[in-house]
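> Dropping a structure here in structure tokens format, bear with me for questions.
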Amino acid sequence: MNNSESPNSMHVMDEVIAHGFPSERGRLIHALVGGSQLHGVKLEGTDDHDIYGVFIESPQCCFWEEFPHFVSSTAPDSRRNQAGDVDVICYSLRRFARLAAAGNPTILHMLFSPADADEVFWSRVLASRDLFLSKAHARKYKGYADAQLRRMTGDRGRGKHGQRPELEEKFGYDVKAGMHVLRLLHEGIEFVSKGWVTLPRPEPERSKLIAIRRGEWSEDRVISEANRLMAELDAAAESSPLPAQVDLTAIGKIVTNICLDAWEHWGWCRREPSGTR
């Protein structure tokens, strides 16, 4: 995987903390720049800055004060993000694991984001990556792609999560949504076929996605390609070597052990030696 275009995780963690992450309630174990930059399809001067992270809650938050995620945005809820806006969303390891096990494509990306040398606990998550893989996740990739297709065609209306009128006016349709449709389908096909998602996206796919963002494809051409890729995704899922479902019990054990070890390492709790339990 080549993700050299993104800053290292420790630098991104500093950004998260600068946006108000409450370190007394949890400790970050990984962070990355997501969105178009992660996929290698960013166009300068057009994109916001998306940051994702995973943290381990403090024992008090885990057992009493819920802290499943942290969200910060420089854009108000009343408008869509603009170039230069920063969105930060971080998930507790418990929440992250449940979303990944359910096949959320945005969350699954993080499993293909490498650990820095000192990210001991994130390295342990990655070592258990296969537990989160399932051919059933093809449905989520297809569902997310369909949502972007409906955004592109206007079925989701306008507003913060609807069509981008400035792109409609310039290109005749929402080219960014069109790019995401095909990106998600390509990723879904790779995921169920190989148990992997390449980040940033490889060539020649990457150039195709950028061409769509630049308005070089018609809307009808995007729709035709989306229909072809949806059929290819269905076929790939049918022949996928991945398990039919994830093992939630095994995932739960891994998450529990990582949290307990992290709490002990950070001095948040003390565990008895294994021989005394």
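Every chain in the structure tokens takes a letter, A first, then B, and so on in the order presented; its residues are numbered from 1, and the ligands are numbered from 1 following the presented order.
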Identify, on the basis of only C-alpha atoms, every residue whose closest approach to range 122-124 of chain A does not exceed 7 Å; exclude the query and any residue fewer than 5 positions from it along the same chain; express the result as a ChimeraX atom specification.

/A:29-30,115

> Write out as a PyMOL selection string the set of residues from range 18-149 of chain A that DSSP, computed on the backbone, places in helix (DSSP H, G or I).

chain A and resi 18+35-39+59-63+93-101+105-112+120-127+129-132+135-149

> A:Ser72, A:Thr106, A:Ser58, A:Ser240: which is nearest Glu264 in chain A, counting only C-alpha atoms?

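Ranking A:Ser72, A:Thr106, A:Ser58, A:Ser240 by distance to Glu264 in chain A, first place goes to A:Ser58.
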
> To one decimal place, how far is CA of Pro243 in chain A from CA of Leu133 in chain A in Å?

7.2 Å

> Env of range 170-182 of chain A: 9 Å cut, atoms = only C-alpha atoms, seq-sep filter 6 positions within chain, self excluded. Answer as a ChimeraX atom specification.

/A:142,144-154,163-164,208-219,222-223,225-226,229

> Excluding same-chain residues fewer than 4 positions from His49 in chain A, what lies within 12 Å of it counting only C-alpha atoms, as a PyMOL selection string?

chain A and resi 6+12+15-16+32-38+42-45+72-75+81-89

> Those residues you just picked out, can you put them in a file as an mmCIF file, in the first residue's frame with N, CA, C and O atoms?


```
data_model
loop_
_atom_site.group_PDB
_atom_site.id
_atom_site.type_symbol
_atom_site.label_atom_id
_atom_site.label_comp_id
_atom_site.auth_asym_id
_atom_site.auth_seq_id
_atom_site.Cartn_x
_atom_site.Cartn_y
_atom_site.Cartn_z
ATOM 1 N N SER A 6 0.004 11.188 2.547
ATOM 2 C CA SER A 6 -0.640 11.646 3.764
ATOM 3 C C SER A 6 0.402 11.871 4.853
ATOM 4 O O SER A 6 1.395 11.156 4.927
ATOM 5 N N VAL A 12 -1.146 14.064 12.524
ATOM 6 C CA VAL A 12 -2.602 14.198 12.419
ATOM 7 C C VAL A 12 -3.234 14.172 13.808
ATOM 8 O O VAL A 12 -4.209 14.884 14.067
ATOM 9 N N GLU A 15 -3.346 17.519 15.170
ATOM 10 C CA GLU A 15 -4.455 18.289 14.605
ATOM 11 C C GLU A 15 -5.760 17.981 15.340
ATOM 12 O O GLU A 15 -6.549 18.891 15.634
ATOM 13 N N VAL A 16 -5.983 16.714 15.616
ATOM 14 C CA VAL A 16 -7.199 16.315 16.328
ATOM 15 C C VAL A 16 -7.259 16.991 17.694
ATOM 16 O O VAL A 16 -8.291 17.545 18.096
ATOM 17 N N LEU A 32 -5.643 9.641 10.759
ATOM 18 C CA LEU A 32 -5.254 9.760 9.355
ATOM 19 C C LEU A 32 -6.065 10.835 8.667
ATOM 20 O O LEU A 32 -7.157 11.202 9.138
ATOM 21 N N VAL A 33 -5.543 11.330 7.568
ATOM 22 C CA VAL A 33 -6.279 12.240 6.696
ATOM 23 C C VAL A 33 -7.056 11.380 5.714
ATOM 24 O O VAL A 33 -6.483 10.511 5.038
ATOM 25 N N GLY A 34 -8.368 11.582 5.658
ATOM 26 C CA GLY A 34 -9.209 10.765 4.802
ATOM 27 C C GLY A 34 -9.687 11.519 3.581
ATOM 28 O O GLY A 34 -9.023 12.425 3.077
ATOM 29 N N GLY A 35 -10.868 11.167 3.130
ATOM 30 C CA GLY A 35 -11.477 11.855 2.006
ATOM 31 C C GLY A 35 -10.699 11.716 0.713
ATOM 32 O O GLY A 35 -10.009 10.719 0.467
ATOM 33 N N SER A 36 -10.783 12.743 -0.108
ATOM 34 C CA SER A 36 -10.173 12.702 -1.441
ATOM 35 C C SER A 36 -8.660 12.553 -1.381
ATOM 36 O O SER A 36 -8.060 11.935 -2.266
ATOM 37 N N GLN A 37 -8.034 13.108 -0.350
ATOM 38 C CA GLN A 37 -6.579 12.978 -0.241
ATOM 39 C C GLN A 37 -6.173 11.524 -0.015
ATOM 40 O O GLN A 37 -5.216 11.029 -0.606
ATOM 41 N N LEU A 38 -6.923 10.822 0.822
ATOM 42 C CA LEU A 38 -6.630 9.418 1.081
ATOM 43 C C LEU A 38 -6.750 8.586 -0.190
ATOM 44 O O LEU A 38 -5.960 7.672 -0.432
ATOM 45 N N LYS A 42 -7.694 14.156 -4.895
ATOM 46 C CA LYS A 42 -7.918 15.524 -4.444
ATOM 47 C C LYS A 42 -7.564 16.508 -5.550
ATOM 48 O O LYS A 42 -6.554 16.356 -6.238
ATOM 49 N N LEU A 43 -8.410 17.521 -5.713
ATOM 50 C CA LEU A 43 -8.137 18.615 -6.626
ATOM 51 C C LEU A 43 -7.864 19.860 -5.789
ATOM 52 O O LEU A 43 -8.685 20.249 -4.950
ATOM 53 N N GLU A 44 -6.720 20.452 -5.981
ATOM 54 C CA GLU A 44 -6.331 21.593 -5.149
ATOM 55 C C GLU A 44 -7.354 22.716 -5.228
ATOM 56 O O GLU A 44 -7.862 23.054 -6.287
ATOM 57 N N GLY A 45 -7.659 23.274 -4.057
ATOM 58 C CA GLY A 45 -8.564 24.412 -3.982
ATOM 59 C C GLY A 45 -10.024 24.070 -4.016
ATOM 60 O O GLY A 45 -10.874 24.965 -4.058
ATOM 61 N N SER A 72 -15.881 17.258 15.317
ATOM 62 C CA SER A 72 -15.638 18.699 15.261
ATOM 63 C C SER A 72 -15.636 19.127 13.804
ATOM 64 O O SER A 72 -15.150 18.393 12.937
ATOM 65 N N SER A 73 -16.214 20.274 13.513
ATOM 66 C CA SER A 73 -16.229 20.775 12.138
ATOM 67 C C SER A 73 -16.164 22.300 12.147
ATOM 68 O O SER A 73 -16.758 22.953 13.006
ATOM 69 N N THR A 74 -15.434 22.839 11.201
ATOM 70 C CA THR A 74 -15.389 24.293 11.058
ATOM 71 C C THR A 74 -16.575 24.803 10.245
ATOM 72 O O THR A 74 -16.765 26.009 10.130
ATOM 73 N N ALA A 75 -17.368 23.886 9.684
ATOM 74 C CA ALA A 75 -18.548 24.276 8.911
ATOM 75 C C ALA A 75 -19.800 24.109 9.763
ATOM 76 O O ALA A 75 -19.969 23.077 10.416
ATOM 77 N N ASN A 81 -19.750 21.682 3.505
ATOM 78 C CA ASN A 81 -18.351 22.063 3.660
ATOM 79 C C ASN A 81 -17.827 22.746 2.408
ATOM 80 O O ASN A 81 -18.246 22.431 1.282
ATOM 81 N N GLN A 82 -16.908 23.664 2.613
ATOM 82 C CA GLN A 82 -16.258 24.353 1.515
ATOM 83 C C GLN A 82 -14.763 24.084 1.575
ATOM 84 O O GLN A 82 -14.251 23.530 2.555
ATOM 85 N N ALA A 83 -14.059 24.465 0.510
ATOM 86 C CA ALA A 83 -12.608 24.290 0.490
ATOM 87 C C ALA A 83 -12.008 24.984 1.704
ATOM 88 O O ALA A 83 -12.338 26.140 2.006
ATOM 89 N N GLY A 84 -11.150 24.279 2.407
ATOM 90 C CA GLY A 84 -10.522 24.846 3.597
ATOM 91 C C GLY A 84 -11.189 24.472 4.895
ATOM 92 O O GLY A 84 -10.582 24.613 5.959
ATOM 93 N N ASP A 85 -12.437 24.008 4.855
ATOM 94 C CA ASP A 85 -13.093 23.552 6.081
ATOM 95 C C ASP A 85 -12.419 22.273 6.575
ATOM 96 O O ASP A 85 -11.861 21.500 5.795
ATOM 97 N N VAL A 86 -12.497 22.065 7.886
ATOM 98 C CA VAL A 86 -11.894 20.889 8.501
ATOM 99 C C VAL A 86 -12.965 20.110 9.256
ATOM 100 O O VAL A 86 -13.679 20.671 10.084
ATOM 101 N N ASP A 87 -13.089 18.844 8.933
ATOM 102 C CA ASP A 87 -13.972 17.929 9.655
ATOM 103 C C ASP A 87 -13.114 16.919 10.402
ATOM 104 O O ASP A 87 -12.212 16.320 9.811
ATOM 105 N N VAL A 88 -13.412 16.725 11.686
ATOM 106 C CA VAL A 88 -12.717 15.730 12.487
ATOM 107 C C VAL A 88 -13.755 14.783 13.061
ATOM 108 O O VAL A 88 -14.741 15.230 13.658
ATOM 109 N N ILE A 89 -13.554 13.499 12.862
ATOM 110 C CA ILE A 89 -14.414 12.515 13.507
ATOM 111 C C ILE A 89 -13.553 11.360 13.986
ATOM 112 O O ILE A 89 -12.780 10.788 13.214
#
```

> My list of candidates is A:Ser113, A:Ser193, A:Thr256, A:Asn104. Which is closest to Glu232 in chain A when distances are computed with only C-alpha atoms?

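Answer, going by the shortest atom-to-atom distance: A:Ser193.
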
> Identify which of the residues A:Leu260, A:Gly53, A:Val120, A:Ala244 lies closest to Phe132 in chain A, counting only C-alpha atoms when measuring atom-to-atom distances.

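The closest residue to Phe132 in chain A is A:Ala244.
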
> Can you list, as a compact mmCIF listing (two decimals) with N, CA, C and O atoms, in the first residue's frame, every protein, DNA or RNA residue that comes within 10 Å of Arg94 in chain A when you count only C-alpha atoms, leaving out same-chain residues fewer than 3 positions away?


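Wrote it out as part27.txt, contents follow:
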```txt
# COMPACT_ATOMS: atom_id res chain seq x y z
N VAL A 54 -9.02 6.97 15.83
CA VAL A 54 -9.51 5.92 16.73
C VAL A 54 -8.87 6.16 18.09
O VAL A 54 -7.67 6.44 18.18
N PHE A 55 -9.69 6.06 19.14
CA PHE A 55 -9.17 6.26 20.48
C PHE A 55 -9.69 5.17 21.41
O PHE A 55 -10.67 4.48 21.11
N ILE A 56 -9.00 5.02 22.51
CA ILE A 56 -9.46 4.12 23.58
C ILE A 56 -9.98 4.97 24.71
O ILE A 56 -9.29 5.86 25.21
N GLU A 57 -11.23 4.72 25.07
CA GLU A 57 -11.87 5.49 26.14
C GLU A 57 -11.20 5.23 27.48
O GLU A 57 -10.65 4.15 27.71
N CYS A 62 -15.78 4.40 29.53
CA CYS A 62 -16.22 3.11 29.01
C CYS A 62 -17.37 2.54 29.83
O CYS A 62 -18.34 2.01 29.28
N PRO A 68 -18.56 7.50 22.71
CA PRO A 68 -18.35 6.63 21.55
C PRO A 68 -17.65 7.32 20.38
O PRO A 68 -17.02 6.65 19.56
N HIS A 69 -17.80 8.65 20.29
CA HIS A 69 -17.13 9.34 19.20
C HIS A 69 -16.94 10.82 19.53
O HIS A 69 -17.59 11.36 20.43
N TYR A 91 -13.52 7.78 16.53
CA TYR A 91 -14.36 6.75 17.11
C TYR A 91 -13.61 6.03 18.23
O TYR A 91 -12.40 5.76 18.11
N ALA A 97 -14.80 -0.80 15.99
CA ALA A 97 -14.84 -2.24 15.70
C ALA A 97 -16.24 -2.67 15.26
O ALA A 97 -16.38 -3.50 14.35
N ARG A 98 -17.26 -2.13 15.89
CA ARG A 98 -18.62 -2.49 15.50
C ARG A 98 -18.96 -1.99 14.09
O ARG A 98 -19.60 -2.69 13.30
N LEU A 99 -18.54 -0.77 13.77
CA LEU A 99 -18.81 -0.23 12.44
C LEU A 99 -18.02 -0.99 11.38
O LEU A 99 -18.54 -1.27 10.29
N ILE A 251 -13.84 -10.74 17.57
CA ILE A 251 -13.55 -9.30 17.54
C ILE A 251 -13.69 -8.72 18.94
O ILE A 251 -12.86 -7.93 19.39
N GLY A 252 -14.73 -9.13 19.65
CA GLY A 252 -14.95 -8.63 21.01
C GLY A 252 -13.79 -8.97 21.93
O GLY A 252 -13.39 -8.14 22.76
N VAL A 255 -10.76 -6.63 21.02
CA VAL A 255 -11.00 -5.26 21.48
C VAL A 255 -10.87 -5.17 23.00
O VAL A 255 -10.25 -4.24 23.54
N THR A 256 -11.44 -6.13 23.69
CA THR A 256 -11.36 -6.14 25.16
C THR A 256 -9.92 -6.21 25.64
O THR A 256 -9.49 -5.44 26.51
N CYS A 259 -8.00 -2.92 24.96
CA CYS A 259 -8.39 -1.87 25.90
C CYS A 259 -7.78 -2.11 27.29
O CYS A 259 -7.23 -1.18 27.91
```

> Tell me which protein, DNA and RNA residues are within 8 Å of Asp116 in chain A, counting only C-alpha atoms, leaving out same-chain ones fewer than 2 positions away, and put them as a PyMOL selection string.

chain A and resi 8-10+114+118-119

> Can you work out the spacing between CA of Ala138 in chain A and CA of Ala31 in chain A in Å, to one decimal?

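Computing the Euclidean distance for CA of Ala138 in chain A and CA of Ala31 in chain A yields 25.3 Å.
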
> Which of these residues is nearest to Arg201 in chain A, using only C-alpha atoms: A:Val41, A:Ala127, A:Ile254, A:Ile189?

A:Val41

> Report the distance between CA of Ala235 in chain A and CA of Lys135 in chain A in Å, rounded to one decimal place.

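Rounded to one decimal, the two atoms are 11.0 Å apart.
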
> So which bits of range 78-115 of chain A end up strand (DSSP E) when you DSSP the backbone, as JSON, numbers by chain?

{"A": [86, 87, 88, 89, 90, 91, 92]}

> Just checking: using only C-alpha atoms, which residue out of A:Leu108, A:Ala102, A:Leu233, A:Leu28 ends up closest to Met13 in chain A?

A:Leu28
